[in-house]
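The structure appears right after this line, and notes come after that.
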Amino acid sequence: MVYVVRLSLFHPTLPRAEALAVLEAVGSGFKELSFDGRYLRVEAEPEAARWLLDRCAYVKELSEELVSSDDIEGLFRKLSRDMLPNGMFSFAVEADKPVSRRFEPPLGDLIKGMTGWRVDLEKPDTLFKLIKVGELYVLAVSLGKASLKGFHSREPKFRPVTHPSTMKPMLARCMVNLARVKPGDVVLDPFCGVGGILLEAGLVGCRVLGLDIAPKLVRGCLTNLRWAGVEPLGLVAGDACKIPFRTFKTFVSDLPYGRAAKTGGRAPIETLEEFLECVAPLVSKGVYACIGVAGFNLDEGFFLEKGFKMTGKYMVKEHKSLVREIIVLRRV
């Protein structure tokens with residue numbers, strides 16, 4: 001099946017990377033057909049595509065493609081009754097920008113003539129989407145729009161314990177997804193703070209382990225996880241460069257940032273180096289991980305020396321004084 005994924009415009013490439021990482025995590029095989037900055041067109045199994053709505057932070061809507069053409073007239077000519085769903089439905093047609101809304105009525109008339117279905121612009125059983133992906137026009141059936149209510153309800157200000165450096169839930173979820181985790185995987189955050197990343201990992205079905213050098217933050221992490229209904233496998237106040245856990249699939253973490261930041265008496269870059277050397281023997285080859293850093297501007301060679309290949313790097317501006325580097329790693 002071919003699907004059209006409407007992505008958030010939060011970042012030029014990160015939403016696409018998240019969606020493709022989730023499809024890869026499913027492991028059922030997929031093919032990217034095109035990407036134009038707003039829409040991602042992919043060939044995938046239905047069950048895999050559904051994960052995009054259920055898991056992704058930066059997927060806005062998922063639609064199943066019915067027919068496509070290089071021009072509107074060709075799309076109208078190609079459309080036939082056997083391409084449309086079976087049964088009796090009410091329906092509506094919605095043209096997404098930059099497609100002109102003047103095409104909605106004639107397309108609606110065409111579908112009504114083929115099916116006899118009733119037009120309902122308020123609560124249709126089936127919503128047809130007229131979309132332009134690059135230079136291609138696509139008619140698709142919307143499978144649903146993502147709800148942001150859950151993410152908004154988990155904003156740091158609403159949690160029992162807060163901390164100024166806590167990552168927002170959508171970016172934390174994206175990082176978890178970039179690590180290609182599946183439900184049941186054990187995920188470690190070695191710099192867990194008050195638990196923002198572990199919270200999102202737990203909510204997608206992962207089992208979570210947390211480590212932080214500050215006991216107060218570890219206690220806050222436990223409070224926040226239980227507030228969200230996530231029971232950790234373990235939380236320890238300890239040094240990330242002396243990992244006490246030996247059984248986990250991967251790690252996802254936002255490292256301490258700022259040149260003045262210290263972790264166990266080390267500068268941030270020294271902490272990262274020692275942590276990667278410590279964690280590398282505990283992660284299987286081919287496994288993905290994701291870290292957030294700031295102010296390092298690290299290259300591929302730095303990570304290869306530690307046993308990891310950098311497969312993605314995304315600059316995310318948080319505010320005027322902070323640009324995070326979201327880095328995807330794969331154990332080699």
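Lettering and numbering for the structure tokens are positional, with chains as A, B, ... in the shown order, residues counted from 1 in each chain, and ligands counted from 1 in the shown order.
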
Just want the 10 Å neighbourhood of stretch 240-243 of chain A, counted on only C-alpha atoms, with same-chain residues fewer than 3 positions away dropped. Output as a ChimeraX atom specification.
/A:188-192,210-213,236-237,246,263-264,270-279,282

Give me, as CSV, the closest atom pair and its distance (Å, one decimal) for every residue of stretch 234-268 of chain A within a cut-off of 10 Å of stretch 163-170 of chain A, counting only C-alpha atoms, rows sorted by chain and rising number.
```
residue,atom,partner,partner_atom,distance
A:Ser253,CA,A:Met167,CA,10.0
A:Asp254,CA,A:Met167,CA,7.8
A:Leu255,CA,A:Ser165,CA,9.9
A:Pro256,CA,A:Ser165,CA,8.4
A:Tyr257,CA,A:Ser165,CA,9.0
```

With a distance cut-off of 12 Å and only C-alpha atoms, select the neighbouring residues of A:Gly150, excluding the residue or stretch itself and same-chain residues fewer than 5 positions from it, and output the selection as a PDB file with C-alpha atoms, in the first residue's frame.
```pdb
ATOM      1  CA  ASP A  54       0.392   5.967  17.148  1.00  0.00           C
ATOM      2  CA  ARG A  55       4.072   6.636  17.798  1.00  0.00           C
ATOM      3  CA  ALA A  57       5.597  13.208  17.570  1.00  0.00           C
ATOM      4  CA  GLU A 155       4.558  19.468  29.206  1.00  0.00           C
ATOM      5  CA  PHE A 158       2.299  20.070  34.344  1.00  0.00           C
ATOM      6  CA  PRO A 169       7.788  15.714  25.338  1.00  0.00           C
ATOM      7  CA  MET A 170       7.553  15.902  21.539  1.00  0.00           C
ATOM      8  CA  ARG A 173       9.429  11.139  21.882  1.00  0.00           C
ATOM      9  CA  GLU A 200       8.118   8.903  26.528  1.00  0.00           C
ATOM     10  CA  LEU A 203       4.553   5.329  27.036  1.00  0.00           C
ATOM     11  CA  ALA A 228       2.437   9.136  33.932  1.00  0.00           C
TER      12      ALA A 228
END
```

Tell me, as a CSV table (one decimal) with C-alpha atoms, in the first residue's frame, which residues lie within 8 Å of A:Trp227, counting only C-alpha atoms; anything in the same chain fewer than 3 positions away does not count.
```csv
chain,number,residue,atom,x,y,z
A,159,ARG,CA,4.5,17.4,35.9
A,160,PRO,CA,4.9,16.9,39.6
A,223,THR,CA,7.7,10.7,40.8
A,224,ASN,CA,7.2,11.8,37.3
A,230,VAL,CA,5.2,4.2,33.9
```

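If you look at atom CA of A:Leu84 and atom CA of A:Ala48, they are 21.8 Å away from each other.
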
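Atom CA of A:Ala214 sits 18.9 Å away from atom CA of A:Arg226.
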
Could you find all residues in stretch 112-242 of chain A that DSSP calls alpha helix (DSSP H) from the backbone, and write them as a count of residues only?
40

Going by DSSP on the backbone, which residues of stretch 207-311 of chain A come out as strand (DSSP E or B)? List them as a VMD selection string.
chain A and resid 207 to 212 234 to 237 250 to 254 263 266 288 to 294 308 to 311

Can those selected residues be exported to a file as a PDB file, in the first residue's frame so that it contains C-alpha atoms?
```pdb
ATOM      1  CA  ARG A 207      10.879  -0.946  29.761  1.00  0.00           C
ATOM      2  CA  VAL A 208      13.057   1.791  31.194  1.00  0.00           C
ATOM      3  CA  LEU A 209      16.217   2.197  33.251  1.00  0.00           C
ATOM      4  CA  GLY A 210      17.475   5.534  34.530  1.00  0.00           C
ATOM      5  CA  LEU A 211      20.718   6.828  35.942  1.00  0.00           C
ATOM      6  CA  ASP A 212      21.674  10.272  37.215  1.00  0.00           C
ATOM      7  CA  GLY A 234      15.320   0.510  37.831  1.00  0.00           C
ATOM      8  CA  LEU A 235      16.525   3.990  38.758  1.00  0.00           C
ATOM      9  CA  VAL A 236      19.945   4.580  40.286  1.00  0.00           C
ATOM     10  CA  ALA A 237      21.791   7.606  41.595  1.00  0.00           C
ATOM     11  CA  THR A 250      19.856   0.806  23.725  1.00  0.00           C
ATOM     12  CA  PHE A 251      20.227   4.249  25.232  1.00  0.00           C
ATOM     13  CA  VAL A 252      18.506   7.580  24.611  1.00  0.00           C
ATOM     14  CA  SER A 253      19.663  10.644  26.505  1.00  0.00           C
ATOM     15  CA  ASP A 254      20.041  14.406  26.536  1.00  0.00           C
ATOM     16  CA  THR A 263      29.166  15.588  35.745  1.00  0.00           C
ATOM     17  CA  ARG A 266      34.307  16.149  34.405  1.00  0.00           C
ATOM     18  CA  TYR A 288      20.612   2.378  17.118  1.00  0.00           C
ATOM     19  CA  ALA A 289      20.800   4.954  19.900  1.00  0.00           C
ATOM     20  CA  CYS A 290      20.109   8.682  20.139  1.00  0.00           C
ATOM     21  CA  ILE A 291      21.701  11.491  22.128  1.00  0.00           C
ATOM     22  CA  GLY A 292      21.178  15.213  22.485  1.00  0.00           C
ATOM     23  CA  VAL A 293      24.230  17.421  22.962  1.00  0.00           C
ATOM     24  CA  ALA A 294      24.940  21.133  22.744  1.00  0.00           C
ATOM     25  CA  PHE A 308      29.503   4.070  16.863  1.00  0.00           C
ATOM     26  CA  LYS A 309      28.607   5.372  13.406  1.00  0.00           C
ATOM     27  CA  MET A 310      26.780   8.699  13.265  1.00  0.00           C
ATOM     28  CA  THR A 311      23.826   8.090  10.939  1.00  0.00           C
TER      29      THR A 311
END
```

Of the candidates A:Val119, A:Val141, A:Ala201, A:Ala44, which shows the shortest atom-to-atom distance to A:Val67, using only C-alpha atoms?
A:Val141

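Atom pair atom CA of A:Val316 / atom CA of A:Leu298: separated by 14.9 Å.
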
Write out as a Markdown table a residue-level contact list of stretch 61-138 of chain A versus stretch 16-36 of chain A with cut-off 12 Å: for each qualifying residue the closest pair of atoms and the distance in Å to one decimal, counting only C-alpha atoms, rows sorted by chain and residue number upward.
```
| residue | atom | partner | partner_atom | distance |
| --- | --- | --- | --- | --- |
| A:Glu61 | CA | A:Ala19 | CA | 11.7 |
| A:Leu62 | CA | A:Ala19 | CA | 11.1 |
| A:Ile131 | CA | A:Asp36 | CA | 11.8 |
| A:Lys132 | CA | A:Asp36 | CA | 9.4 |
| A:Val133 | CA | A:Asp36 | CA | 6.3 |
| A:Gly134 | CA | A:Asp36 | CA | 5.4 |
| A:Glu135 | CA | A:Asp36 | CA | 9.1 |
| A:Leu136 | CA | A:Ser34 | CA | 9.7 |
```

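Each of A:Lys112, A:Arg331, A:Lys129, A:Arg324 was compared to A:Glu94 using only C-alpha atoms, and A:Lys129 turns out to be the nearest.
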
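The environment of A:Pro12 within 10 Å, counting only C-alpha atoms and disregarding residues fewer than 6 places along the same chain, consists of A:Asp36, A:Gly37, A:Arg38, A:Tyr314.
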